[in-house]
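structure.txt (compact mmCIF, C-alpha atoms) appears below.
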# COMPACT_ATOMS: atom_id res chain seq x y z
CA MET X 1 0.00 0.00 0.00
CA ASN X 2 1.15 3.57 -0.45
CA GLY X 3 -0.42 4.65 2.82
CA GLU X 4 2.99 5.43 4.32
CA ASN X 5 3.20 8.47 2.06
CA GLU X 6 -0.21 9.77 3.04
CA ILE X 7 -1.42 13.10 1.79
CA ARG X 8 -3.13 14.55 4.80
CA TYR X 9 -5.91 16.54 3.22
CA LYS X 10 -9.18 17.01 5.05
CA GLU X 11 -11.66 16.90 2.17
CA LEU X 12 -14.85 15.00 2.87
CA ILE X 13 -15.55 11.74 1.04
CA SER X 14 -19.16 10.56 0.77
CA VAL X 15 -19.57 6.78 0.71
CA ILE X 16 -23.02 5.83 -0.61
CA VAL X 17 -24.33 2.41 0.43
CA PRO X 18 -27.77 1.14 -0.66
CA VAL X 19 -29.12 -1.37 1.85
CA TYR X 20 -31.72 -4.06 1.28
CA ASN X 21 -32.19 -7.23 3.37
CA VAL X 22 -28.53 -7.87 4.12
CA GLU X 23 -28.60 -8.36 7.88
CA SER X 24 -26.15 -11.28 7.68
CA TYR X 25 -23.46 -9.25 5.89
CA LEU X 26 -24.12 -5.62 6.77
CA GLY X 27 -22.09 -5.47 9.98
CA GLU X 28 -18.91 -6.65 8.27
CA CYS X 29 -19.44 -4.14 5.47
CA LEU X 30 -19.92 -1.19 7.82
CA ASP X 31 -17.03 -2.27 10.04
CA SER X 32 -14.73 -2.21 7.03
CA ILE X 33 -15.75 1.39 6.29
CA GLN X 34 -15.52 2.44 9.91
CA ASN X 35 -11.96 1.11 10.10
CA GLN X 36 -10.65 3.22 7.21
CA VAL X 37 -7.24 4.87 7.56
CA TYR X 38 -8.72 7.96 5.94
CA THR X 39 -11.20 9.18 8.54
CA ASN X 40 -12.86 12.24 7.04
CA PHE X 41 -15.84 10.56 5.43
CA GLU X 42 -19.58 10.30 5.70
CA VAL X 43 -21.44 7.05 5.10
CA ILE X 44 -24.89 7.52 3.60
CA LEU X 45 -26.93 4.39 4.25
CA ILE X 46 -30.12 4.25 2.21
CA ASP X 47 -32.36 1.50 3.51
CA ASP X 48 -34.50 0.54 0.53
CA GLY X 49 -37.50 -0.90 2.38
CA SER X 50 -35.71 -3.80 4.08
CA THR X 51 -37.95 -6.35 5.80
CA ASP X 52 -35.20 -7.87 7.96
CA ALA X 53 -33.02 -6.24 10.65
CA SER X 54 -30.94 -4.21 8.19
CA LEU X 55 -32.47 -0.84 9.13
CA GLN X 56 -31.95 -1.58 12.82
CA ILE X 57 -28.29 -2.36 12.20
CA CYS X 58 -27.88 0.88 10.23
CA ASN X 59 -29.39 2.86 13.09
CA GLU X 60 -27.10 1.21 15.61
CA TYR X 61 -24.03 2.36 13.69
CA ALA X 62 -25.45 5.86 13.27
CA GLN X 63 -26.07 6.13 17.02
CA LYS X 64 -22.45 5.25 17.80
CA ASP X 65 -20.72 7.11 14.95
CA LYS X 66 -21.98 10.46 13.67
CA ARG X 67 -20.32 9.84 10.30
CA PHE X 68 -23.06 7.30 9.51
CA ILE X 69 -26.26 8.82 8.15
CA VAL X 70 -29.39 6.70 7.72
CA ILE X 71 -32.14 7.38 5.19
CA SER X 72 -35.13 5.09 4.92
CA GLN X 73 -37.37 4.80 1.86
CA GLU X 74 -39.90 2.35 0.48
CA ASN X 75 -38.47 -0.30 -1.82
CA LYS X 76 -37.59 1.35 -5.14
CA GLY X 77 -34.45 -0.49 -6.18
CA VAL X 78 -30.71 0.07 -5.99
CA SER X 79 -30.63 2.86 -8.58
CA SER X 80 -33.21 4.90 -6.70
CA ALA X 81 -31.27 4.37 -3.45
CA ARG X 82 -28.01 5.51 -5.04
CA ASN X 83 -29.70 8.56 -6.56
CA LYS X 84 -31.06 9.44 -3.14
CA GLY X 85 -27.58 9.13 -1.71
CA LEU X 86 -26.18 11.41 -4.41
CA SER X 87 -28.84 14.01 -3.67
CA VAL X 88 -27.80 14.36 -0.02
CA ALA X 89 -24.04 13.69 -0.26
CA LYS X 90 -21.88 16.58 0.95
CA GLY X 91 -18.45 15.25 0.05
CA GLU X 92 -15.98 16.70 -2.43
CA TYR X 93 -15.50 13.10 -3.56
CA ILE X 94 -17.97 10.26 -4.00
CA SER X 95 -17.56 6.50 -3.62
CA PHE X 96 -20.10 3.67 -3.78
CA MET X 97 -20.29 0.35 -1.97
CA ASP X 98 -22.70 -2.56 -2.00
CA SER X 99 -23.93 -3.42 1.47
CA ASP X 100 -22.64 -7.00 1.46
CA ASP X 101 -19.12 -6.12 0.29
CA THR X 102 -16.02 -5.09 2.23
CA VAL X 103 -13.04 -2.81 1.65
CA HIS X 104 -9.43 -2.85 2.80
CA PRO X 105 -8.60 -0.33 5.57
CA SER X 106 -6.53 1.67 3.05
CA TYR X 107 -9.27 1.75 0.41
CA LEU X 108 -10.23 5.42 0.72
CA GLN X 109 -6.70 6.56 1.54
CA VAL X 110 -5.10 4.99 -1.53
CA LEU X 111 -7.82 6.13 -3.93
CA TYR X 112 -7.70 9.63 -2.46
CA ASN X 113 -3.90 9.85 -2.46
CA ASN X 114 -3.76 8.82 -6.10
CA ILE X 115 -6.43 11.25 -7.24
CA LYS X 116 -4.70 14.14 -5.44
CA ILE X 117 -1.15 13.26 -6.52
CA GLU X 118 -2.14 13.24 -10.18
CA ASN X 119 -4.84 15.92 -9.98
CA ALA X 120 -7.20 13.39 -11.58
CA ASP X 121 -10.98 13.29 -11.87
CA MET X 122 -11.43 9.60 -11.04
CA SER X 123 -9.33 7.12 -9.09
CA VAL X 124 -9.65 3.39 -9.80
CA CYS X 125 -8.39 0.25 -8.06
CA LYS X 126 -9.13 -3.44 -8.61
CA TRP X 127 -11.84 -5.55 -6.99
CA ILE X 128 -11.88 -9.27 -6.36
CA GLY X 129 -14.64 -11.75 -5.65
CA SER X 130 -14.91 -13.19 -2.14
CA ASP X 131 -14.08 -16.63 -3.57
CA GLN X 132 -10.81 -15.43 -5.15
CA ILE X 133 -7.24 -15.30 -3.86
CA PRO X 134 -5.97 -11.70 -3.95
CA PRO X 135 -3.31 -11.19 -6.63
CA LYS X 136 -0.02 -9.50 -5.86
CA ASP X 137 -0.46 -5.75 -5.57
CA LYS X 138 1.38 -3.38 -7.89
CA THR X 139 2.66 -0.02 -6.69
CA GLU X 140 2.83 1.60 -10.12
CA ILE X 141 0.26 4.34 -10.67
CA GLN X 142 -0.98 4.80 -14.22
CA VAL X 143 -2.59 7.93 -15.60
CA TRP X 144 -5.02 7.64 -18.51
CA ASN X 145 -6.73 10.16 -20.71
CA GLN X 146 -10.28 9.54 -21.84
CA LYS X 147 -9.42 7.49 -24.93
CA LYS X 148 -6.88 5.38 -23.04
CA THR X 149 -9.45 4.74 -20.32
CA PHE X 150 -11.95 3.27 -22.76
CA TYR X 151 -9.20 1.14 -24.30
CA GLU X 152 -8.18 -0.23 -20.90
CA TYR X 153 -11.86 -0.78 -20.08
CA PHE X 154 -13.04 -2.55 -23.24
CA VAL X 155 -9.81 -4.21 -24.40
CA ASN X 156 -7.46 -4.88 -21.50
CA HIS X 157 -10.23 -5.04 -18.86
CA ARG X 158 -8.05 -3.36 -16.29
CA MET X 159 -11.15 -1.57 -15.09
CA ASP X 160 -14.82 -2.36 -15.64
CA GLY X 161 -18.26 -0.82 -15.50
CA SER X 162 -18.93 -1.55 -11.85
CA VAL X 163 -19.62 1.61 -9.90
CA TYR X 164 -17.53 0.51 -6.91
CA ALA X 165 -13.71 0.33 -6.52
CA LYS X 166 -13.63 3.92 -7.73
CA LEU X 167 -13.46 7.40 -6.26
CA TYR X 168 -15.12 10.20 -8.22
CA LYS X 169 -14.52 13.94 -8.05
CA ARG X 170 -17.86 15.49 -7.18
CA ASP X 171 -17.81 17.84 -10.19
CA CYS X 172 -17.66 14.87 -12.58
CA VAL X 173 -20.69 13.18 -11.03
CA ALA X 174 -22.70 16.37 -10.52
CA ASP X 175 -26.08 15.94 -12.21
CA ILE X 176 -25.57 12.37 -13.49
CA SER X 177 -28.05 9.87 -12.10
CA PHE X 178 -28.66 6.14 -12.31
CA ASP X 179 -31.40 4.98 -14.68
CA GLU X 180 -34.09 3.70 -12.31
CA ASN X 181 -35.80 1.77 -15.10
CA LEU X 182 -32.83 -0.58 -15.52
CA ARG X 183 -32.33 -3.66 -13.37
CA ILE X 184 -29.01 -4.72 -14.90
CA GLY X 185 -26.24 -2.63 -16.45
CA GLU X 186 -27.09 0.70 -14.83
CA ASP X 187 -23.57 0.77 -13.36
CA GLN X 188 -21.85 0.70 -16.75
CA ILE X 189 -23.96 3.49 -18.20
CA PHE X 190 -23.32 5.65 -15.14
CA VAL X 191 -19.56 5.03 -15.23
CA ILE X 192 -19.29 5.82 -18.94
CA GLN X 193 -21.18 9.07 -18.45
CA VAL X 194 -18.74 9.99 -15.68
CA ILE X 195 -15.72 9.13 -17.86
CA GLU X 196 -17.12 11.50 -20.50
CA ARG X 197 -16.57 14.32 -18.01
CA CYS X 198 -13.08 13.24 -16.94
CA ASN X 199 -9.87 14.59 -18.41
CA LYS X 200 -7.64 12.35 -16.34
CA ILE X 201 -8.18 8.96 -14.66
CA VAL X 202 -5.64 7.41 -12.31
CA PHE X 203 -5.37 3.62 -11.91
CA GLN X 204 -3.50 1.36 -9.52
CA ASP X 205 -3.53 -2.42 -9.91
CA ILE X 206 -4.23 -3.10 -6.26
CA SER X 207 -7.15 -5.12 -4.85
CA LEU X 208 -8.83 -3.01 -2.18
CA TYR X 209 -12.48 -3.96 -2.68
CA THR X 210 -13.99 -7.41 -2.11
CA TYR X 211 -17.25 -8.30 -3.84
CA LEU X 212 -19.32 -10.95 -2.05
CA ILE X 213 -20.25 -13.76 -4.43
CA ARG X 214 -23.71 -15.07 -3.60
CA SER X 215 -26.07 -17.38 -5.45
CA THR X 216 -28.39 -14.40 -5.90
CA SER X 217 -25.66 -12.18 -7.39
CA ALA X 218 -26.32 -10.96 -10.93
CA MET X 219 -23.24 -12.78 -12.19
CA LYS X 220 -24.69 -16.03 -10.81
CA SER X 221 -28.30 -15.53 -11.89
CA THR X 222 -30.02 -17.17 -14.84
CA LEU X 223 -30.72 -15.29 -18.06
CA ASP X 224 -34.18 -14.02 -17.11
CA SER X 225 -36.25 -11.06 -18.29
CA ARG X 226 -33.94 -8.59 -16.55
CA TYR X 227 -31.37 -9.26 -19.25
CA TRP X 228 -33.42 -7.36 -21.80
CA ASP X 229 -31.79 -4.43 -20.00
CA SER X 230 -28.43 -5.74 -21.23
CA VAL X 231 -29.72 -5.56 -24.79
CA TYR X 232 -30.70 -1.95 -24.15
CA ARG X 233 -27.26 -1.25 -22.65
CA ALA X 234 -25.52 -2.71 -25.71
CA GLU X 235 -27.62 -0.53 -28.02
CA TRP X 236 -26.95 2.50 -25.82
CA LEU X 237 -23.19 1.98 -26.12
CA VAL X 238 -23.28 2.22 -29.91
CA LYS X 239 -25.50 5.31 -29.89
CA GLU X 240 -23.21 6.95 -27.34
CA ALA X 241 -20.17 6.34 -29.52
CA GLU X 242 -21.92 7.67 -32.62
CA SER X 243 -22.84 10.92 -30.90
CA LYS X 244 -19.82 11.55 -28.65
CA PHE X 245 -16.90 9.31 -29.65
CA PRO X 246 -17.00 8.87 -33.45
CA ASP X 247 -13.33 7.86 -33.55
CA LEU X 248 -14.04 5.07 -31.03
CA GLN X 249 -17.09 3.57 -32.73
CA ASP X 250 -15.36 0.26 -33.51
CA LEU X 251 -14.25 -0.04 -29.90
CA PHE X 252 -17.77 0.52 -28.57
CA ARG X 253 -19.19 -1.74 -31.27
CA LYS X 254 -16.86 -4.51 -30.09
CA GLU X 255 -18.20 -4.12 -26.56
CA GLU X 256 -21.77 -4.29 -27.86
CA LEU X 257 -21.04 -7.54 -29.71
CA ASN X 258 -19.22 -8.95 -26.69
CA ILE X 259 -22.35 -8.45 -24.59
CA TYR X 260 -24.35 -10.37 -27.18
CA VAL X 261 -21.81 -13.20 -27.38
CA VAL X 262 -21.88 -13.70 -23.61
CA MET X 263 -25.69 -13.79 -23.67
CA ILE X 264 -25.71 -16.43 -26.43
CA ILE X 265 -23.27 -18.61 -24.50
CA ARG X 266 -25.42 -18.32 -21.41
CA HIS X 267 -28.50 -19.20 -23.46
CA ILE X 268 -26.80 -22.33 -24.76
CA LYS X 269 -25.97 -23.35 -21.20
CA GLU X 270 -29.36 -22.52 -19.68
CA GLY X 271 -31.88 -23.00 -22.48
CA THR X 272 -34.81 -21.24 -20.80
CA GLU X 273 -37.75 -19.79 -22.69
CA THR X 274 -36.66 -16.24 -21.87
CA SER X 275 -33.04 -16.89 -22.87
CA LYS X 276 -34.33 -18.23 -26.21
CA GLU X 277 -36.35 -15.06 -26.79
CA ILE X 278 -33.28 -12.93 -26.10
CA ALA X 279 -31.08 -15.15 -28.27
CA ASP X 280 -33.52 -14.84 -31.16
CA VAL X 281 -32.96 -11.07 -31.05
CA VAL X 282 -29.20 -10.85 -30.50
CA LEU X 283 -27.89 -13.82 -32.50
CA PRO X 284 -28.83 -12.30 -35.88
CA ARG X 285 -26.96 -9.15 -34.85
CA ILE X 286 -23.82 -11.24 -34.29
CA LYS X 287 -24.32 -13.15 -37.54
CA HIS X 288 -24.66 -9.92 -39.53
CA SER X 289 -21.78 -8.13 -37.80
CA LYS X 290 -18.51 -7.46 -39.58
CA SER X 291 -15.71 -9.51 -38.08
CA ARG X 292 -13.25 -6.64 -38.27
CA GLU X 293 -15.53 -4.65 -35.96
CA PHE X 294 -14.77 -7.22 -33.31
CA TYR X 295 -11.29 -8.65 -33.68
CA ARG X 296 -9.58 -5.27 -34.08
CA TYR X 297 -9.95 -4.67 -30.34
CA SER X 298 -10.22 -8.25 -29.03
CA GLY X 299 -7.77 -10.62 -27.44
CA PRO X 300 -7.41 -14.28 -28.53
CA TYR X 301 -10.02 -15.66 -26.10
CA GLU X 302 -12.71 -13.13 -27.01
CA THR X 303 -11.96 -13.52 -30.71
CA VAL X 304 -12.28 -17.32 -30.65
CA ARG X 305 -15.47 -17.09 -28.63
CA TYR X 306 -16.94 -14.58 -31.07
CA PHE X 307 -16.13 -16.67 -34.16
CA ILE X 308 -17.56 -19.83 -32.60
CA VAL X 309 -20.84 -18.08 -31.83
CA LYS X 310 -20.93 -16.30 -35.20
CA TYR X 311 -20.20 -19.29 -37.42
CA PHE X 312 -20.60 -22.47 -35.36
CA THR X 313 -23.42 -21.87 -32.88
CA PRO X 314 -25.03 -25.33 -33.35
CA ILE X 315 -21.68 -27.04 -32.79
CA ALA X 316 -21.02 -24.95 -29.70
CA GLY X 317 -24.44 -25.88 -28.35
CA ALA X 318 -23.89 -29.57 -28.95
CA PHE X 319 -20.48 -29.43 -27.27
CA ILE X 320 -21.82 -27.66 -24.17
CA ARG X 321 -24.77 -30.05 -23.87
CA LEU X 322 -22.42 -33.03 -24.16
CA LYS X 323 -20.14 -31.57 -21.53
CA LYS X 324 -23.10 -31.12 -19.14
CA LYS X 325 -24.10 -34.78 -19.62
CA LEU X 326 -20.57 -35.98 -18.92
CA ILE X 327 -20.38 -33.92 -15.74
CA ARG X 328 -23.55 -35.56 -14.49

The structure given in the file should be rewritten as structure tokens.
Amino acid sequence: MNGENEIRYKELISVIVPVYNVESYLGECLDSIQNQVYTNFEVILIDDGSTDASLQICNEYAQKDKRFIVISQENKGVSSARNKGLSVAKGEYISFMDSDDTVHPSYLQVLYNNIKIENADMSVCKWIGSDQIPPKDKTEIQVWNQKKTFYEYFVNHRMDGSVYAKLYKRDCVADISFDENLRIGEDQIFVIQVIERCNKIVFQDISLYTYLIRSTSAMKSTLDSRYWDSVYRAEWLVKEAESKFPDLQDLFRKEELNIYVVMIIRHIKEGTETSKEIADVVLPRIKHSKSREFYRYSGPYETVRYFIVKYFTPIAGAFIRLKKKLIR
């Protein structure tokens, strides 16, 4: 960690945490924030109509530590909760957490140090799943302009569209809000809109945020009706590039196609009625896509996966079904 060379500024950081029925995990999450090396923060806890003891736990922390602020609302979803948090946040910098995740004690300090050292608009670190072994941290700090950021995002995957594991300068978030009509992918759209306002992004390859992997996590869920939102997100990416990043259209187009490819692979594995309906929409888009739009910005794994789906979908399906039978 680079905490030994702390920059002792006193600017307030607002940590926004939506809360919904997480009584089993909430205490560990809030403890990890409370134990931060950087102490000048406020934690805005938005209880989104929890029916378990989550609100009670939030109130207990607020009673003991004035930095914790509790807001209670009827259940409206995570995007509504985050928007509420943004509307009341007082910090010069904004960070987001999920209420079942945890952060390293140096999380805020490192992100803040990096953003101040480089006079950046956004500071990014790595996150890991709770079932993963943390990789070796790297002390090198990288500074990206807007174009480089999208390249690292869509090609090298050194950052992603999750809203957490990032610290945002308040001015760059300003009047941006989460789309409350989306159930999946609202993070990515929000992050891209923030990047559009950033001149400089600082990145350190250090794992300071731990994402709890649960059976109900989006990355573990089946391809249900919520994933129509992913189709919308893919379409949004292309429109955004056309209007704001014309020189990056191929890069955004590759990301659109990658979303479709992942959905087709999941459909082959799951084979539900809803996944078939989604596949019927997105597979023709892959079939009719120009290969150069994809492989120009893709690594070997993504390229092979794309070509298999584009040209050999029936074979891929047969292989996956055979593999499932053998596992049984």

Report task. Can you pull out every residue within 9 Å of Thr210 in chain X, counting all atoms listed in the file, but drop anything in the same chain fewer than 2 positions away, and send it as a list in words? Result -> Asp101, Thr102, Val103, His104, Trp127, Ile128, Gly129, Ser130, Ala165, Ser207, Leu208 and Leu212 of chain X

For those residues, write C-alpha atoms to a file as a PDB file, keeping the file's coordinate frame.
ATOM      1  CA  ASP X 101     -19.120  -6.120   0.290  1.00  0.00           C
ATOM      2  CA  THR X 102     -16.020  -5.090   2.230  1.00  0.00           C
ATOM      3  CA  VAL X 103     -13.040  -2.810   1.650  1.00  0.00           C
ATOM      4  CA  HIS X 104      -9.430  -2.850   2.800  1.00  0.00           C
ATOM      5  CA  TRP X 127     -11.840  -5.550  -6.990  1.00  0.00           C
ATOM      6  CA  ILE X 128     -11.880  -9.270  -6.360  1.00  0.00           C
ATOM      7  CA  GLY X 129     -14.640 -11.750  -5.650  1.00  0.00           C
ATOM      8  CA  SER X 130     -14.910 -13.190  -2.140  1.00  0.00           C
ATOM      9  CA  ALA X 165     -13.710   0.330  -6.520  1.00  0.00           C
ATOM     10  CA  SER X 207      -7.150  -5.120  -4.850  1.00  0.00           C
ATOM     11  CA  LEU X 208      -8.830  -3.010  -2.180  1.00  0.00           C
ATOM     12  CA  LEU X 212     -19.320 -10.950  -2.050  1.00  0.00           C
TER      13      LEU X 212
END

Query raised in the report: If you count only C-alpha atoms, which residues fall within 6 Å of range 109-114 of chain X, apart from same-chain ones fewer than 3 positions away, as an NGL selection string?
Result: :X and (7 or 38 or 106 or 117 or 123)

Requested in this report: For CA of Glu11 in chain X and CA of Ala81 in chain X, quote the distance in Å rounded to one decimal.
Outcome: 23.9 Å

Query raised in the report: If I put a ball of radius 9 Å at (-9.8, 9.0, -21.0) in the file's coordinates, which residues poke into it when counting all atoms listed in the file, written as an NGL selection string?
Result: :X and (144-151 or 195-196 or 198-201)

List the neighbours of Ile264 in chain X out to 8 Å using only C-alpha atoms; skip same-chain residues closer than 3 positions along the sequence, and give me the result as a compact mmCIF listing (two decimals) with C-alpha atoms, keeping the file's coordinate frame.
# COMPACT_ATOMS: atom_id res chain seq x y z
CA TYR X 260 -24.35 -10.37 -27.18
CA VAL X 261 -21.81 -13.20 -27.38
CA HIS X 267 -28.50 -19.20 -23.46
CA ILE X 268 -26.80 -22.33 -24.76
CA ALA X 279 -31.08 -15.15 -28.27
CA VAL X 282 -29.20 -10.85 -30.50
CA LEU X 283 -27.89 -13.82 -32.50
CA VAL X 309 -20.84 -18.08 -31.83

Report summary line: Taken to one decimal, the CA of Val194 in chain X-CA of Val173 in chain X distance is 6.0 Å

Query raised in the report: Which neighbours of Lys10 in chain X fall inside 10 Å, counting only C-alpha atoms, when residues of the same chain fewer than 6 positions from it are skipped, and could you give them as an NGL selection string?
Result: :X and (38-41)

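Distance check against Glu255 in chain X using all atoms listed in the file: of X:Ser54, X:Ser298, X:Ser80, X:Gln193, the minimum falls on X:Ser298.
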
Query raised in the report: In Å, how far is it from CA of Lys239 in chain X to CA of Glu186 in chain X?
Result: 15.8 Å

Query - All residues 6 Å or closer to Glu42 in chain X, all atoms listed in the file, same chain fewer than 6 positions away omitted, as a list in words - result: Ser14, Arg67 and Phe68 of chain X

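Nearest residue to Asn75 in chain X among X:Glu277, X:Asp48, X:Asp179, X:Asp137 is X:Asp48, counting only C-alpha atoms.
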
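Of the listed residues X:Ile278, X:Leu251, X:Leu257, X:Leu223, the one whose atoms come nearest to Glu235 in chain X is X:Leu257, with distances taken using only C-alpha atoms.
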
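Using all atoms listed in the file, the nearest neighbour of Pro18 in chain X within the list X:Ser225, X:Ala53, X:Ala62, X:Asp100 is X:Asp100.
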
To test the calculation: enclose all listed atoms of range 107-122 of chain X in a box whose edges run along x, y and z, add 3 Å on each side, then state centre and edge lengths in Å to one decimal, as JSON.
{"center_x": -6.3, "center_y": 8.8, "center_z": -5.2, "size_x": 16.3, "size_y": 20.2, "size_z": 19.4}

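Counting all atoms listed in the file, the residue from X:Phe178, X:Tyr164, X:Phe307, X:Phe154 that sits nearest to Val78 in chain X is X:Phe178.
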
Output range 50-73 of chain X as a PDB file, in the coordinates of the input, making sure N, CA and C atoms are there.
ATOM      1  N   SER X  50     -36.083  -2.480   3.584  1.00  0.00           N
ATOM      2  CA  SER X  50     -35.710  -3.800   4.080  1.00  0.00           C
ATOM      3  C   SER X  50     -36.787  -4.370   4.998  1.00  0.00           C
ATOM      4  N   THR X  51     -36.968  -5.675   4.939  1.00  0.00           N
ATOM      5  CA  THR X  51     -37.950  -6.350   5.800  1.00  0.00           C
ATOM      6  C   THR X  51     -37.261  -7.182   6.869  1.00  0.00           C
ATOM      7  N   ASP X  52     -35.931  -7.157   6.911  1.00  0.00           N
ATOM      8  CA  ASP X  52     -35.200  -7.870   7.960  1.00  0.00           C
ATOM      9  C   ASP X  52     -34.645  -6.826   8.942  1.00  0.00           C
ATOM     10  N   ALA X  53     -33.562  -7.137   9.623  1.00  0.00           N
ATOM     11  CA  ALA X  53     -33.020  -6.240  10.650  1.00  0.00           C
ATOM     12  C   ALA X  53     -32.014  -5.237  10.097  1.00  0.00           C
ATOM     13  N   SER X  54     -31.945  -5.088   8.785  1.00  0.00           N
ATOM     14  CA  SER X  54     -30.940  -4.210   8.190  1.00  0.00           C
ATOM     15  C   SER X  54     -31.057  -2.764   8.667  1.00  0.00           C
ATOM     16  N   LEU X  55     -32.275  -2.228   8.696  1.00  0.00           N
ATOM     17  CA  LEU X  55     -32.470  -0.840   9.130  1.00  0.00           C
ATOM     18  C   LEU X  55     -32.037  -0.663  10.579  1.00  0.00           C
ATOM     19  N   GLN X  56     -32.353  -1.634  11.406  1.00  0.00           N
ATOM     20  CA  GLN X  56     -31.950  -1.580  12.820  1.00  0.00           C
ATOM     21  C   GLN X  56     -30.430  -1.531  12.947  1.00  0.00           C
ATOM     22  N   ILE X  57     -29.754  -2.342  12.165  1.00  0.00           N
ATOM     23  CA  ILE X  57     -28.290  -2.360  12.200  1.00  0.00           C
ATOM     24  C   ILE X  57     -27.734  -1.018  11.755  1.00  0.00           C
ATOM     25  N   CYS X  58     -28.310  -0.449  10.698  1.00  0.00           N
ATOM     26  CA  CYS X  58     -27.880   0.880  10.230  1.00  0.00           C
ATOM     27  C   CYS X  58     -28.029   1.920  11.339  1.00  0.00           C
ATOM     28  N   ASN X  59     -29.144   1.893  12.024  1.00  0.00           N
ATOM     29  CA  ASN X  59     -29.390   2.860  13.090  1.00  0.00           C
ATOM     30  C   ASN X  59     -28.428   2.690  14.250  1.00  0.00           C
ATOM     31  N   GLU X  60     -28.059   1.470  14.528  1.00  0.00           N
ATOM     32  CA  GLU X  60     -27.100   1.210  15.610  1.00  0.00           C
ATOM     33  C   GLU X  60     -25.742   1.842  15.300  1.00  0.00           C
ATOM     34  N   TYR X  61     -25.301   1.730  14.065  1.00  0.00           N
ATOM     35  CA  TYR X  61     -24.030   2.360  13.690  1.00  0.00           C
ATOM     36  C   TYR X  61     -24.140   3.865  13.732  1.00  0.00           C
ATOM     37  N   ALA X  62     -25.269   4.412  13.277  1.00  0.00           N
ATOM     38  CA  ALA X  62     -25.450   5.860  13.270  1.00  0.00           C
ATOM     39  C   ALA X  62     -25.482   6.435  14.681  1.00  0.00           C
ATOM     40  N   GLN X  63     -26.015   5.673  15.627  1.00  0.00           N
ATOM     41  CA  GLN X  63     -26.070   6.130  17.020  1.00  0.00           C
ATOM     42  C   GLN X  63     -24.684   6.203  17.649  1.00  0.00           C
ATOM     43  N   LYS X  64     -23.795   5.317  17.216  1.00  0.00           N
ATOM     44  CA  LYS X  64     -22.450   5.250  17.800  1.00  0.00           C
ATOM     45  C   LYS X  64     -21.428   6.106  17.053  1.00  0.00           C
ATOM     46  N   ASP X  65     -21.694   6.391  15.779  1.00  0.00           N
ATOM     47  CA  ASP X  65     -20.720   7.110  14.950  1.00  0.00           C
ATOM     48  C   ASP X  65     -21.465   8.118  14.091  1.00  0.00           C
ATOM     49  N   LYS X  66     -21.241   9.397  14.362  1.00  0.00           N
ATOM     50  CA  LYS X  66     -21.980  10.460  13.670  1.00  0.00           C
ATOM     51  C   LYS X  66     -21.669  10.543  12.187  1.00  0.00           C
ATOM     52  N   ARG X  67     -20.641   9.835  11.736  1.00  0.00           N
ATOM     53  CA  ARG X  67     -20.320   9.840  10.300  1.00  0.00           C
ATOM     54  C   ARG X  67     -21.287   8.977   9.495  1.00  0.00           C
ATOM     55  N   PHE X  68     -22.073   8.152  10.186  1.00  0.00           N
ATOM     56  CA  PHE X  68     -23.060   7.300   9.510  1.00  0.00           C
ATOM     57  C   PHE X  68     -24.413   7.998   9.516  1.00  0.00           C
ATOM     58  N   ILE X  69     -24.979   8.148   8.326  1.00  0.00           N
ATOM     59  CA  ILE X  69     -26.260   8.820   8.150  1.00  0.00           C
ATOM     60  C   ILE X  69     -27.250   7.829   7.553  1.00  0.00           C
ATOM     61  N   VAL X  70     -28.414   7.700   8.160  1.00  0.00           N
ATOM     62  CA  VAL X  70     -29.390   6.700   7.720  1.00  0.00           C
ATOM     63  C   VAL X  70     -30.586   7.390   7.068  1.00  0.00           C
ATOM     64  N   ILE X  71     -30.939   6.923   5.891  1.00  0.00           N
ATOM     65  CA  ILE X  71     -32.140   7.380   5.190  1.00  0.00           C
ATOM     66  C   ILE X  71     -32.974   6.157   4.867  1.00  0.00           C
ATOM     67  N   SER X  72     -34.243   6.224   5.179  1.00  0.00           N
ATOM     68  CA  SER X  72     -35.130   5.090   4.920  1.00  0.00           C
ATOM     69  C   SER X  72     -36.162   5.460   3.867  1.00  0.00           C
ATOM     70  N   GLN X  73     -36.362   4.571   2.886  1.00  0.00           N
ATOM     71  CA  GLN X  73     -37.370   4.800   1.860  1.00  0.00           C
ATOM     72  C   GLN X  73     -38.072   3.481   1.551  1.00  0.00           C
TER      73      GLN X  73
END
